[in-house]
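Asks: The structure is given below, and queries will be raised subsequently.
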Amino acid sequence: MKHLIILSAIISAIYLSSTAQEAADTISTRELKEIVVNAQMQRTSAIMSTYLPTRKQKNAAQNGPQLLSHMAIPQLGLVDGSSVKTNSGQEVDLFIDYMPASEQDLNAMAMSDVKKVEYYDFPADPRFLGKAHVVNFVMQHYEYGGYVKAYANEFFISNSGQLNLFAKLQHRKMTYDIGVGTWYSANDRLCQKSVETYRLPQPDGSESVFQRTSTPLDSKVRERSLWPTLKATYNNERITLVNTLGANFFFNPARNSSGQVLFSPEISPATAYSDIQNSRNSSITYSGFWNFVLPRQNTINFNSYYSYAHTRSHSLYSETSGKEYENGAVDDSHNLTGTLRWVHDFNKAGKLTAIFNGYYHNNHTNYTGTAAVTDRLTMMRIGPGLMYNYSNQKINAVVDGGFNYENSRFGDDSEHSLQPWVDASIQYSLNNKNSFSSDFHYFTGIPASSTLSNAVIQSNPLMSYTGNPELRPYKGYNARLSYTWMPDNRWNMSVFGDGTFYGNRYAYDYSPSADGILRTISQQGGKYRVWLYGVSATARLLNNNLTINGQFSHRIVENGTPYNWTKQRLLWYVQAFYYAGNWNFGLQYQSPQAYCDGFMTGTWTIEKSAYSAIVGWGNSTWNLQARVTNPFRWNWTSATSEMKSRYYEIDKTYYNTGNHCFILVSATYTIGFGKKIQRGNEAGQQTGTASSILK
């Protein structure tokens, strides 16, 4: 009986197991409907917008700005070369792994290492150094290794090109980057025609009104540069130390033009002219980026920069009538800046940041020729401030403010001033598909050292120019509002508006005499206002193989005394990229651009339209690209401009290769070694202090 019971139990267990297995097999073989899962490639929040580049986009790009162009981020405008701006035209600062990136750092990036791209408006993170608009490339990290990368391009017809070489070696927490590059340009079409109108008061109370037309017949421009850079980075979870040492050597042995001068009415006989110019600049720079994550939710960030530049320039303007004007200048400039930020995180109560900005500038300029004077300028500014940030799932708000104390000495004269600055920003996100962003800035600007010179330099028989050592800091306001909509991976859109206003501005003023015009700089200039508003949108079609994006905007500029005009222009662009395997094809068109050339001037410039066709092939190692720009345009006229004032006005026609047909051929090649190579944030060209030579 005992054995029968055991046997019955075994048979029952086998039967139940078989039944269960049969049921499981029945379930596992049941036919289900196909389910397609699409990853979310873009999303927005109150703090930032995040975009994931596709493999095809990364293979089609040779550097960081090109990748942004292919990704068509709605908050950004058309990417032109290395220039990246918001869709409302404001500057965008670029970072790689939360560290500042130069133009050559972006050229040296390996596109295959880009994991995602983040866009911020007025970020509170101290690593972004208080910048208003930021794009951050987040790269893949590796254990150790290194690589060598070459980047080269050549502009045919316009005759310029560059070659850059980069090397990276990473060992544990240390990374070493070496970069070197060279660039050249040989241009025989860079010149301009000018039609000047003079209204000169005469001793008898009348005005002498005439036109002077300068027409170029020949030109020659030669430029070349060389830059080496060394960067060392230490990075762990709590400490980031980046130290960069670089140099830049720029040579401009010839910037010459010649032609003829005519007068109407013929107050003087026609004459031929020759304008010969040359210059050179050598600079050395150091930059440091140090970030420390401390206990108890504290962070300290310190960013420093120093540069020294030595500049020499020489010009000789002569006419066959016997008139000759020679001018030379030698300038030595030192520039030192530092920013210290301490952040304490109160968790749900927000973050408080203490800020201390420091700035020091010194230059010594010797003029020879028509002006034989020496300018000495020392300028110091310190700016303490506070910033508060509050954020939750829906809102990110930032407000900061402080004071800038400035002490400047020009020659024997010194000046002190105390100026406030205020920033406020708020972002609101309904969900990961909709976000609103707005910000307001009140700021003061320091006059450039070159505008403070009292040297009087004569450039031709009727025109001389000088600066104004009495200039004081100017005030400005900027306000911006935008809305971003991302319904799914196929579509995105941004609506934006931006206004900038300057008060207490200084402007070029033209003072007449019986013999000609002296261009001075006056700080009694009237209001200067710029408005820009519009919409940008992107569509990704054919399973993300076709990307089309564009923008339509309206710019209005109001330029008060001494120019007194208001002008406006409708602007738009459209571009499309199509991807087929490792191949990519692109078309771009940009409407004629119109703008005022800075708040100091009354010059309204209109540039020609531009259109391009692009074909490229790339993978994670090679990238080859050819671009034909303006293929049906074979005249050298690039832009026109006009400036009108009470006693003097000038109309210019610019000739150069920028809006002529040209062909760009470029290539990159990266070869790696070691285990898991870190690519990104490479050493790049460093630029030195701008010279203070009056222009």
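Going through the structure tokens in order, the chains are called A, B, and so on, while each chain numbers its residues from 1 and the ligands are numbered from 1 in the order shown.
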Pick out the residues sitting within 6 Å of Ser45 in chain A, and hand them over as a PyMOL selection string; count only C-alpha atoms, and ignore anything fewer than 3 positions along from it in its own chain.
Replies: chain A and resi 48-49+429+432
Asks: Save out the residues we just selected, N, CA and C atoms, as a PDB file, in the first residue's frame.
Replies:
ATOM      1  N   MET A  48      16.001  72.941 -18.301  1.00  0.00           N
ATOM      2  CA  MET A  48      16.750  72.829 -19.546  1.00  0.00           C
ATOM      3  C   MET A  48      15.946  72.047 -20.564  1.00  0.00           C
ATOM      4  N   SER A  49      16.391  72.122 -21.814  1.00  0.00           N
ATOM      5  CA  SER A  49      15.876  71.278 -22.886  1.00  0.00           C
ATOM      6  C   SER A  49      16.977  70.304 -23.281  1.00  0.00           C
ATOM      7  N   SER A 429       7.371  75.164 -17.142  1.00  0.00           N
ATOM      8  CA  SER A 429       7.147  74.012 -18.005  1.00  0.00           C
ATOM      9  C   SER A 429       5.843  73.327 -17.624  1.00  0.00           C
ATOM     10  N   ASN A 432       6.865  67.839 -20.422  1.00  0.00           N
ATOM     11  CA  ASN A 432       8.129  67.714 -21.150  1.00  0.00           C
ATOM     12  C   ASN A 432       7.997  68.053 -22.632  1.00  0.00           C
TER      13      ASN A 432
END
Asks: Need the shell around Ser257 in chain A: protein/DNA/RNA residues with any atom at most 7 Å away, counting only C-alpha atoms. Skip same-chain ones fewer than 5 positions apart. Format as a PyMOL selection string?
Replies: chain A and resi 191+216+218-220+274-276
Asks: Store the residues of this selection in a file with C-alpha atoms, as a PDB file, in the first residue's frame.
Replies:
ATOM      1  CA  CYS A 191      38.005  96.259 -50.815  1.00  0.00           C
ATOM      2  CA  PRO A 216      39.055 100.691 -55.918  1.00  0.00           C
ATOM      3  CA  ASP A 218      43.014  96.690 -57.381  1.00  0.00           C
ATOM      4  CA  SER A 219      43.456  95.038 -53.972  1.00  0.00           C
ATOM      5  CA  LYS A 220      45.663  92.514 -52.222  1.00  0.00           C
ATOM      6  CA  SER A 274      47.175 103.955 -52.908  1.00  0.00           C
ATOM      7  CA  ASP A 275      46.405 102.558 -49.448  1.00  0.00           C
ATOM      8  CA  ILE A 276      49.054 100.179 -48.043  1.00  0.00           C
TER       9      ILE A 276
END
Asks: Considering only strand (DSSP E or B) as DSSP defines it on the backbone, what residues of range 11-188 of chain A qualify? List them as a PyMOL selection string.
Replies: chain A and resi 42-44+49-51+76+80+83+85-86+91+93-96+99-100+114-121+133-139+145-156+160-171+174-187
Asks: Quick one: everything within 12 Å of Arg519 in chain A, counting only C-alpha atoms, minus sequence neighbours fewer than 2 positions away in the same chain. Send it as a CSV table (one decimal) with N, CA and C atoms, in the first residue's frame.
Replies:
chain,number,residue,atom,x,y,z
A,451,THR,N,38.6,103.4,-27.7
A,451,THR,CA,37.7,104.6,-27.8
A,451,THR,C,38.1,105.8,-26.9
A,454,ASN,N,42.9,110.2,-27.1
A,454,ASN,CA,42.8,111.5,-27.6
A,454,ASN,C,43.7,111.8,-28.8
A,455,ALA,N,44.3,110.8,-29.3
A,455,ALA,CA,45.2,111.0,-30.5
A,455,ALA,C,44.3,111.4,-31.7
A,456,VAL,N,44.7,112.3,-32.5
A,456,VAL,CA,44.0,112.7,-33.7
A,456,VAL,C,44.8,112.2,-34.9
A,457,ILE,N,44.2,111.2,-35.6
A,457,ILE,CA,44.8,110.5,-36.7
A,457,ILE,C,44.1,110.9,-38.0
A,458,GLN,N,44.9,111.3,-39.0
A,458,GLN,CA,44.3,111.7,-40.3
A,458,GLN,C,44.5,110.5,-41.3
A,459,SER,N,43.3,110.1,-41.9
A,459,SER,CA,43.4,109.0,-42.8
A,459,SER,C,43.4,109.4,-44.2
A,462,LEU,N,40.6,114.7,-46.2
A,462,LEU,CA,39.4,115.4,-45.7
A,462,LEU,C,38.8,114.7,-44.4
A,463,MET,N,39.5,113.6,-43.9
A,463,MET,CA,38.9,112.9,-42.8
A,463,MET,C,40.0,112.6,-41.8
A,464,SER,N,39.7,112.9,-40.5
A,464,SER,CA,40.6,112.5,-39.4
A,464,SER,C,39.7,112.0,-38.3
A,465,TYR,N,40.2,111.3,-37.3
A,465,TYR,CA,39.4,110.7,-36.3
A,465,TYR,C,40.2,110.7,-34.9
A,466,THR,N,39.4,110.7,-33.8
A,466,THR,CA,40.0,110.6,-32.5
A,466,THR,C,39.0,109.9,-31.6
A,467,GLY,N,39.4,109.7,-30.3
A,467,GLY,CA,38.6,109.1,-29.3
A,467,GLY,C,38.1,110.2,-28.3
A,468,ASN,N,37.7,109.7,-27.1
A,468,ASN,CA,37.2,110.6,-26.1
A,468,ASN,C,37.6,110.0,-24.7
A,507,ALA,N,28.4,107.6,-29.2
A,507,ALA,CA,28.3,107.4,-30.6
A,507,ALA,C,29.3,108.2,-31.4
A,508,TYR,N,29.6,107.8,-32.6
A,508,TYR,CA,30.5,108.6,-33.5
A,508,TYR,C,29.7,109.9,-33.9
A,509,ASP,N,30.5,111.0,-33.7
A,509,ASP,CA,29.9,112.3,-34.1
A,509,ASP,C,30.9,112.9,-35.0
A,510,TYR,N,30.3,113.6,-36.0
A,510,TYR,CA,31.2,114.2,-37.1
A,510,TYR,C,31.1,115.7,-37.0
A,511,SER,N,32.3,116.3,-36.6
A,511,SER,CA,32.4,117.7,-36.4
A,511,SER,C,33.1,118.3,-37.7
A,512,PRO,N,32.4,119.4,-38.3
A,512,PRO,CA,33.0,119.9,-39.5
A,512,PRO,C,33.9,121.1,-39.2
A,513,SER,N,34.8,121.4,-40.2
A,513,SER,CA,35.6,122.6,-40.2
A,513,SER,C,35.6,123.0,-41.7
A,516,GLY,N,37.6,120.0,-43.6
A,516,GLY,CA,37.2,118.6,-43.6
A,516,GLY,C,36.4,118.2,-42.3
A,517,ILE,N,36.4,116.9,-42.0
A,517,ILE,CA,35.6,116.3,-41.0
A,517,ILE,C,36.5,115.7,-39.9
A,521,ILE,N,33.9,111.0,-30.7
A,521,ILE,CA,33.0,110.1,-30.0
A,521,ILE,C,32.3,110.9,-28.9
A,522,SER,N,31.0,111.0,-29.0
A,522,SER,CA,30.2,111.8,-28.1
A,522,SER,C,29.3,110.9,-27.2
A,601,THR,N,27.3,103.4,-34.0
A,601,THR,CA,27.3,103.9,-35.4
A,601,THR,C,25.9,104.1,-35.8
A,645,SER,N,24.6,111.8,-41.4
A,645,SER,CA,24.5,112.8,-40.2
A,645,SER,C,24.5,114.2,-40.8
A,647,TYR,N,26.5,116.8,-41.1
A,647,TYR,CA,27.6,117.4,-41.9
A,647,TYR,C,28.3,116.4,-42.8
A,648,TYR,N,28.0,115.1,-42.5
A,648,TYR,CA,28.8,114.1,-43.3
A,648,TYR,C,27.9,112.8,-43.5
A,649,GLU,N,27.9,112.2,-44.6
A,649,GLU,CA,27.3,111.0,-44.9
A,649,GLU,C,28.1,110.1,-45.8
A,694,LEU,N,43.5,102.9,-31.8
A,694,LEU,CA,42.3,103.7,-32.3
A,694,LEU,C,42.1,103.3,-33.7
A,695,LYS,N,40.8,103.0,-34.1
A,695,LYS,CA,40.5,102.7,-35.5
A,695,LYS,C,39.3,103.5,-35.9
Asks: How many Å lie between CA of Ile671 in chain A and CA of Gln170 in chain A, rounded to one decimal?
Replies: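 Result for CA of Ile671 in chain A versus CA of Gln170 in chain A: 14.7 Å, one decimal.
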Asks: Find the residues around Leu571 in chain A up to 10 Å (only C-alpha atoms counted), leave out those fewer than 3 positions away in its own chain, and share them as a count of residues only.
Replies: 13
Asks: Just want the 7 Å neighbourhood of Ser425 in chain A, counted on only C-alpha atoms, with same-chain residues fewer than 6 positions away dropped. Output as a list in words.
Replies: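 That gives Phe122, Ala397, Val398, Val399, Ser438, Asp439 and Phe440 of chain A.
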Asks: Would you kindly return, as a compact mmCIF listing (two decimals) with C-alpha atoms, in the first residue's frame, each protein, DNA or RNA residue with an atom no farther than 8 Å from any atom of range 632-635 of chain A, considering only C-alpha atoms and excluding same-chain residues fewer than 6 positions away?
Replies:
# COMPACT_ATOMS: atom_id res chain seq x y z
CA ASN A 659 28.82 86.27 -51.19
CA HIS A 660 30.58 85.14 -54.36
CA CYS A 661 30.52 81.54 -55.53
Asks: When you look at Ala372 in chain A with a cut-off of 10 Å (counting only C-alpha atoms), what residues show up, excluding the ones that are within fewer than 2 positions of it in the same chain? I need them as a compact mmCIF listing (two decimals) with C-alpha atoms, in the first residue's frame.
Replies:
# COMPACT_ATOMS: atom_id res chain seq x y z
CA ASN A 327 50.40 106.20 -39.49
CA GLY A 328 51.92 103.61 -37.20
CA ALA A 329 51.11 102.17 -33.80
CA ASN A 366 52.59 104.56 -29.05
CA TYR A 367 51.37 106.36 -32.19
CA THR A 368 53.66 107.66 -34.93
CA GLY A 369 52.94 109.51 -38.14
CA THR A 370 50.09 112.03 -38.32
CA THR A 374 51.44 107.88 -26.22
CA ALA A 455 45.18 110.99 -30.52
CA VAL A 456 44.03 112.73 -33.73
CA ILE A 457 44.80 110.53 -36.73
Asks: Rounded to one decimal, what separation in Å do you get between CA of Gly526 in chain A and CA of Thr566 in chain A?
Replies: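 Answer for the CA of Gly526 in chain A to CA of Thr566 in chain A separation: 12.5 Å.
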Asks: Would you mind listing, for every residue of range 321-421 of chain A within 8 Å of range 126-143 of chain A, the two atoms forming the shortest contact and the distance between them in Å to one decimal, using only C-alpha atoms, sorted by chain and ascending residue number, as a tab-separated table?
Replies:
residue	atom	partner	partner_atom	distance
A:Thr339	CA	A:Leu129	CA	7.8
A:Arg341	CA	A:Pro126	CA	6.6
A:Val343	CA	A:Pro126	CA	7.4
Asks: Determine which residues of range 39-181 of chain A receive a DSSP assignment of alpha helix (DSSP H), computed from the backbone, and state them as a list in words.
Replies: Arg55, Lys56, Gln57, Lys58, Asn59, Ala60, Gly64, Pro65, Gln66, Leu67, Leu68, Ser69, His70, Met71, Glu103, Gln104, Asp105, Leu106, Asn107 and Ala108 of chain A
Asks: Save out the residues we just selected, N, CA and C atoms, as a short mmCIF file (atom, residue, chain, number, x, y, z; two decimals), in the first residue's frame.
Replies:
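The file below, result.cif, is the result:
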data_model
loop_
_atom_site.label_atom_id
_atom_site.label_comp_id
_atom_site.auth_asym_id
_atom_site.auth_seq_id
_atom_site.Cartn_x
_atom_site.Cartn_y
_atom_site.Cartn_z
N ARG A 55 22.62 58.78 -34.82
CA ARG A 55 23.90 58.36 -35.38
C ARG A 55 24.14 59.04 -36.72
N LYS A 56 23.09 59.19 -37.54
CA LYS A 56 23.23 59.82 -38.85
C LYS A 56 23.62 61.29 -38.71
N GLN A 57 23.05 61.97 -37.74
CA GLN A 57 23.41 63.37 -37.53
C GLN A 57 24.87 63.50 -37.09
N LYS A 58 25.32 62.61 -36.22
CA LYS A 58 26.71 62.67 -35.76
C LYS A 58 27.68 62.32 -36.88
N ASN A 59 27.33 61.35 -37.73
CA ASN A 59 28.21 61.00 -38.84
C ASN A 59 28.29 62.10 -39.88
N ALA A 60 27.23 62.94 -39.97
CA ALA A 60 27.20 64.00 -40.98
C ALA A 60 27.94 65.25 -40.54
N GLY A 64 31.24 70.57 -33.50
CA GLY A 64 30.09 70.84 -32.66
C GLY A 64 29.05 71.73 -33.30
N PRO A 65 29.42 72.90 -33.86
CA PRO A 65 28.41 73.75 -34.49
C PRO A 65 27.69 73.05 -35.64
N GLN A 66 28.38 72.25 -36.44
CA GLN A 66 27.70 71.53 -37.51
C GLN A 66 26.69 70.54 -36.95
N LEU A 67 27.00 69.89 -35.85
CA LEU A 67 26.05 68.98 -35.23
C LEU A 67 24.80 69.74 -34.79
N LEU A 68 24.97 70.93 -34.21
CA LEU A 68 23.82 71.73 -33.82
C LEU A 68 22.97 72.09 -35.03
N SER A 69 23.62 72.37 -36.16
CA SER A 69 22.87 72.69 -37.38
C SER A 69 22.03 71.51 -37.83
N HIS A 70 22.59 70.30 -37.80
CA HIS A 70 21.84 69.11 -38.20
C HIS A 70 20.72 68.79 -37.22
N MET A 71 20.92 69.07 -35.94
CA MET A 71 19.92 68.76 -34.93
C MET A 71 18.75 69.76 -34.95
N GLU A 103 36.44 77.76 -29.88
CA GLU A 103 36.10 77.37 -31.25
C GLU A 103 36.86 76.12 -31.67
N GLN A 104 38.15 76.05 -31.33
CA GLN A 104 38.93 74.90 -31.74
C GLN A 104 38.61 73.66 -30.90
N ASP A 105 38.16 73.84 -29.66
CA ASP A 105 37.67 72.69 -28.90
C ASP A 105 36.51 72.03 -29.63
N LEU A 106 35.65 72.84 -30.22
CA LEU A 106 34.49 72.32 -30.94
C LEU A 106 34.90 71.67 -32.24
N ASN A 107 35.93 72.19 -32.90
CA ASN A 107 36.45 71.54 -34.11
C ASN A 107 37.05 70.18 -33.79
N ALA A 108 37.60 70.04 -32.59
CA ALA A 108 38.33 68.83 -32.24
C ALA A 108 37.43 67.74 -31.67
#
Asks: Record the distance separating CA of Phe289 in chain A and CA of Gly179 in chain A, expressed in Å with one decimal.
Replies: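 Distance between the two atoms: 18.4 Å.
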Asks: Calculated over only C-alpha atoms, which of the candidates A:Thr320, A:Tyr360, A:Asn235, A:Phe501 has the smallest distance to Ala270 in chain A?
Replies: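 Distance minimum relative to Ala270 in chain A lands on A:Thr320.
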Asks: Of the candidates A:Ser408, A:Ser450, A:Asn431, A:Ser609, which one gets nearest to Arg43 in chain A if we count only C-alpha atoms?
Replies: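 Closest to Arg43 in chain A of all the choices is A:Asn431.
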Asks: Taking only C-alpha atoms into account, which of A:Gln427, A:Asn559, A:Ser482, A:Ser283 comes nearest Leu226 in chain A?
Replies: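 Smallest distance to Leu226 in chain A is found for A:Ser283.
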Asks: Check the smallest atom-to-atom distance from each of A:Leu241, A:Ala539, A:Ile96, A:Ile73 to Phe292 in chain A using only C-alpha atoms, then report the winner.
Replies: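 Looking only at the distances to Phe292 in chain A, the closest residue turns out to be A:Leu241.
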